[in-house]
Amino acid sequence: MIPKRLFDFLDYQLEHSPKEDMFAAKENGTWKKYSTNEVRQLVDSLSMGLLHIGVGYQDGTLEGRDKIAILSNNRPEWLTLDLAVQQTGALLTPIYPTISPNELEFIFNDASIKIVFVSDQELYNKVQSVRAKTPSVQAVYSFNQLDGVLNWKELLHNGTHDDHEQLKSIKNSIKPEELATILYTSGTTGFPKGVMLSHKNIVENVLNVEEIVSAVANSSDRCLSFLPLNHIFERMVSYIYMYIGVSIYYAESIDTVGDNLKEVKPTLFTTVPRLLEKVYEKIMAKGRELTGIKKNLFFWAVGVANKFELNKNQGVFYNVQLAIANKLIFSKWREALGGNVKAIVTGAAACQVRLLRIFTAAKIVVMEGYGLTETSPVITVNRFESKGRSFGTVGLGIKNVEVKLAEDGEICCRGSNVMMGYYKRPDLTAECIDNENWFHSGDIGAWVEGGFLKITDRKKEIFKTSGGKYVAPQPIENKMKESPFIEQMMVVGPERKFTGALIVPAFANLKNWCEKNGIPNNSIEEMTKHPKVIEFYKSIVEKFNPQFNHIEQVKKFELLNSEWTIDGGELTPTLKLKRKVITEKYGDAIERIYADDQQP
């Protein structure tokens, strides 16, 4: 039986490739494994426990279906809860653990969240900080054992015959076309939008991509999971792993990924470019620590890899050089990733071609793809086979999904992967899904060399960091301009590691402050370059930063010496920022923000 609802994937694995280690996670320093059968029992017990406390379909309408929130790191309990909630007819609403309290409050109220699951004390405290303003929340459960906090295991319910029959009846009544989950993503206003995805949306995306992943891994393989599961990319890939029978091992944290890779020895893992950049930076830092012939050999090998081209025979001499580089240097890179990695799947932001080239030369295939939460998510992806890959592109379209470019180059797609719409926002839904069911992505693209899609620009002002996180500049700029010392501001950071900003001070107010603090103020340049002024602006920025998610917080900035004007070309007649003009005009200042490319 081919799965039609997300929870069917668990039954499918139980029938076709039951495992001793369907899930595994570190507990008290050792890997605890959960078999497919154990997961089946846990999921059903949790489903019945949720039904016992009144969670489920209620009246069957969208508003009548209970919404369950989860704020947690990746762990076996995450997908266990996901599957259990689905079986009750309720809706899981995953939330980034790094979310700001303001956005958390908005989501709880917008979705009328009934029950919340958290992983630890810190996230429990965050949820408690907004409880007074979120009346729909009835209870908060923790995965970790916390004093005075309900534990998720208290919900587990073995169930009577009638309980099992009730659960079976509910499962049978759930149709593939029904809503499965609501995923909140950042909106242009700064308030998140709830993307509604049905079982069919995600299941068919899984089935349309499965053969691409099966070219890399099979039921005897392991993966390492560390990208946040509240992102549709990692969650959808987890269902592919279930379908193929790949064991899912959960990294303890982002900081332990390096050690966990060596322990788990995965065949593949998913990541975002920022993390790939970090891996590369660590490798290069170790290379710089070498001395003598070892150092020369290391950088010679990197130089050879830098010349690598896909699907092109560069001659015997180059091939011999690359073989030597692989044997002496790159074999150690592969060992650092566990020794078994065949491929890394990356998405959510553009990956540097330089990294793609070097890792591929080092026999570590990087499969870059493209998609959005609204498309469940995959639209295109580079394949494992070299003929199905092209550096600098996001790959070829997947089966059963149509892709076209609009007249202005905007990427549009149509298929069963396109969302049901935005929760409670038919106006926003109508803006991006036209009457022929084409979803308009807001990204500009071009077709290159035989069907490969290349992302060339962002249609909207929202940008992604290299870590794949969305940043909406306007809310940040508008909030920080509340300071009497900030006249104008433009947030920067597309495809960069962190969010930065160009700041035009309110020069009159700054001059007064300098006079009061005994700081030279004979010229604007003298003021903006003074260390105490820079520290003062740092304190202003840091005062506002807690109102935003971690990725939205301004880490570094440059103070400019002149205002942006209509005459200067930086502002439109209605005084809106011409972002492209400012980016070009102040390119040097932006480069200084990212000069050493190190996040403070």
# chains A, B, ... in the order shown; residues from 1 in each chain; ligands from 1

$ closest_atom_pairs --of "range 32-88 of chain A" --to "range 95-104 of chain A" --cutoff "7 Å" --atoms "only C-alpha atoms" --output "tab-separated table"
residue	atom	partner	partner_atom	distance
A:Ala69	CA	A:Ile95	CA	6.8
A:Ile70	CA	A:Ile95	CA	6.0
A:Leu71	CA	A:Pro97	CA	5.1
A:Ser72	CA	A:Pro97	CA	6.1

$ closest_atom_pairs --of "range 281-356 of chain A" --to "range 223-227 of chain A" --cutoff "12 Å" --atoms "only C-alpha atoms" --output "CSV"
residue,atom,partner,partner_atom,distance
A:Leu337,CA,A:Leu224,CA,10.5
A:Gly338,CA,A:Leu224,CA,10.5
A:Asn340,CA,A:Cys223,CA,10.2
A:Val341,CA,A:Cys223,CA,9.0
A:Lys342,CA,A:Cys223,CA,10.8
A:Ala343,CA,A:Cys223,CA,10.4
A:Ile344,CA,A:Cys223,CA,10.1
A:Val345,CA,A:Leu227,CA,11.2
A:Thr346,CA,A:Leu227,CA,10.3
A:Gly347,CA,A:Leu227,CA,10.8
A:Ala348,CA,A:Leu227,CA,11.0

$ write_last_selection --atoms "C-alpha atoms" --output "CSV table (one decimal), in the first residue's frame"
chain,number,residue,atom,x,y,z
A,337,LEU,CA,32.2,13.5,8.2
A,338,GLY,CA,32.1,9.9,9.4
A,340,ASN,CA,30.5,7.0,4.8
A,341,VAL,CA,28.9,10.2,3.5
A,342,LYS,CA,28.0,9.9,-0.2
A,343,ALA,CA,25.9,13.0,-0.4
A,344,ILE,CA,24.8,16.2,1.4
A,345,VAL,CA,21.5,17.7,0.4
A,346,THR,CA,21.3,21.4,0.8
A,347,GLY,CA,18.6,24.0,0.3
A,348,ALA,CA,16.9,27.1,1.8

$ closest_atom_pairs --of "range 44-140 of chain A" --to "range 189-200 of chain A" --cutoff "9 Å" --atoms "only C-alpha atoms" --output "CSV"
residue,atom,partner,partner_atom,distance
A:Thr93,CA,A:Gly194,CA,9.0
A:Glu103,CA,A:Phe191,CA,6.9
A:Phe106,CA,A:Phe191,CA,7.6
A:Ile107,CA,A:Pro192,CA,7.5
A:Asp110,CA,A:Gly194,CA,8.8
A:Ala111,CA,A:Gly194,CA,8.4

$ residues_around --residues "range 440-443 of chain A" --least-positions-apart "3" --cutoff "10 Å" --atoms "only C-alpha atoms" --output "ChimeraX atom specification"
/A:371-372,374-375,404-406,409-414,431-434,437,455-462

$ write_last_selection --atoms "N, CA and C atoms" --output "JSON list (two decimals), in the first residue's frame"
[["chain", "number", "residue", "atom", "x", "y", "z"],
["A", 371, "GLY", "N", 12.94, 25.20, -3.08],
["A", 371, "GLY", "CA", 11.53, 25.08, -2.76],
["A", 371, "GLY", "C", 11.17, 26.05, -1.65],
["A", 372, "LEU", "N", 9.91, 26.06, -1.31],
["A", 372, "LEU", "CA", 9.41, 26.96, -0.27],
["A", 372, "LEU", "C", 8.47, 26.17, 0.64],
["A", 374, "GLU", "N", 5.57, 26.91, 1.17],
["A", 374, "GLU", "CA", 4.30, 26.89, 0.44],
["A", 374, "GLU", "C", 4.22, 25.80, -0.62],
["A", 375, "THR", "N", 5.38, 25.19, -0.96],
["A", 375, "THR", "CA", 5.40, 24.13, -1.99],
["A", 375, "THR", "C", 5.82, 22.78, -1.42],
["A", 404, "LYS", "N", 7.38, 27.06, -14.39],
["A", 404, "LYS", "CA", 7.50, 28.00, -15.51],
["A", 404, "LYS", "C", 8.01, 29.33, -14.98],
["A", 405, "LEU", "N", 8.54, 30.15, -15.89],
["A", 405, "LEU", "CA", 8.97, 31.49, -15.55],
["A", 405, "LEU", "C", 7.96, 32.47, -16.13],
["A", 406, "ALA", "N", 7.48, 33.39, -15.29],
["A", 406, "ALA", "CA", 6.56, 34.43, -15.75],
["A", 406, "ALA", "C", 7.31, 35.41, -16.63],
["A", 409, "GLY", "N", 10.24, 36.88, -15.19],
["A", 409, "GLY", "CA", 11.24, 35.92, -14.71],
["A", 409, "GLY", "C", 10.88, 35.27, -13.39],
["A", 410, "GLU", "N", 9.72, 35.63, -12.82],
["A", 410, "GLU", "CA", 9.35, 35.05, -11.53],
["A", 410, "GLU", "C", 9.10, 33.55, -11.68],
["A", 411, "ILE", "N", 9.63, 32.78, -10.74],
["A", 411, "ILE", "CA", 9.47, 31.33, -10.76],
["A", 411, "ILE", "C", 8.07, 30.98, -10.26],
["A", 412, "CYS", "N", 7.35, 30.21, -11.07],
["A", 412, "CYS", "CA", 6.01, 29.77, -10.70],
["A", 412, "CYS", "C", 5.95, 28.25, -10.77],
["A", 413, "CYS", "N", 5.17, 27.64, -9.90],
["A", 413, "CYS", "CA", 5.03, 26.18, -9.99],
["A", 413, "CYS", "C", 3.58, 25.78, -9.74],
["A", 414, "ARG", "N", 3.24, 24.62, -10.27],
["A", 414, "ARG", "CA", 1.88, 24.11, -10.14],
["A", 414, "ARG", "C", 1.94, 22.61, -9.94],
["A", 431, "GLU", "N", -2.89, 36.56, -3.53],
["A", 431, "GLU", "CA", -1.76, 37.30, -4.07],
["A", 431, "GLU", "C", -0.71, 36.39, -4.69],
["A", 432, "CYS", "N", -0.61, 35.16, -4.21],
["A", 432, "CYS", "CA", 0.48, 34.29, -4.70],
["A", 432, "CYS", "C", 0.00, 33.05, -5.47],
["A", 433, "ILE", "N", -1.30, 32.71, -5.41],
["A", 433, "ILE", "CA", -1.82, 31.60, -6.21],
["A", 433, "ILE", "C", -2.86, 32.17, -7.16],
["A", 434, "ASP", "N", -2.57, 32.09, -8.47],
["A", 434, "ASP", "CA", -3.49, 32.71, -9.44],
["A", 434, "ASP", "C", -4.66, 31.78, -9.76],
["A", 437, "ASN", "N", -4.09, 28.21, -10.69],
["A", 437, "ASN", "CA", -3.40, 27.42, -9.64],
["A", 437, "ASN", "C", -1.88, 27.46, -9.72],
["A", 455, "ILE", "N", 18.56, 30.57, -9.72],
["A", 455, "ILE", "CA", 17.93, 31.70, -9.03],
["A", 455, "ILE", "C", 18.80, 32.92, -9.27],
["A", 456, "THR", "N", 18.20, 33.98, -9.81],
["A", 456, "THR", "CA", 19.00, 35.16, -10.15],
["A", 456, "THR", "C", 18.74, 36.36, -9.26],
["A", 457, "ASP", "N", 17.58, 36.41, -8.63],
["A", 457, "ASP", "CA", 17.25, 37.61, -7.85],
["A", 457, "ASP", "C", 16.09, 37.31, -6.91],
["A", 458, "ARG", "N", 15.86, 38.23, -5.99],
["A", 458, "ARG", "CA", 14.70, 38.16, -5.10],
["A", 458, "ARG", "C", 13.72, 39.24, -5.52],
["A", 459, "LYS", "N", 12.50, 38.83, -5.77],
["A", 459, "LYS", "CA", 11.51, 39.81, -6.21],
["A", 459, "LYS", "C", 11.07, 40.69, -5.03],
["A", 460, "LYS", "N", 11.03, 40.10, -3.90],
["A", 460, "LYS", "CA", 10.55, 40.82, -2.73],
["A", 460, "LYS", "C", 11.72, 41.30, -1.88],
["A", 461, "GLU", "N", 11.45, 42.16, -0.97],
["A", 461, "GLU", "CA", 12.50, 42.70, -0.12],
["A", 461, "GLU", "C", 12.98, 41.70, 0.92],
["A", 462, "ILE", "N", 12.11, 40.78, 1.31],
["A", 462, "ILE", "CA", 12.54, 39.77, 2.28],
["A", 462, "ILE", "C", 13.72, 39.01, 1.69]]

$ select_by_dssp --residues "range 49-155 of chain A" --states "alpha helix (DSSP H)" --output "ChimeraX atom specification"
/A:49-52,76-88,101-110,121-128
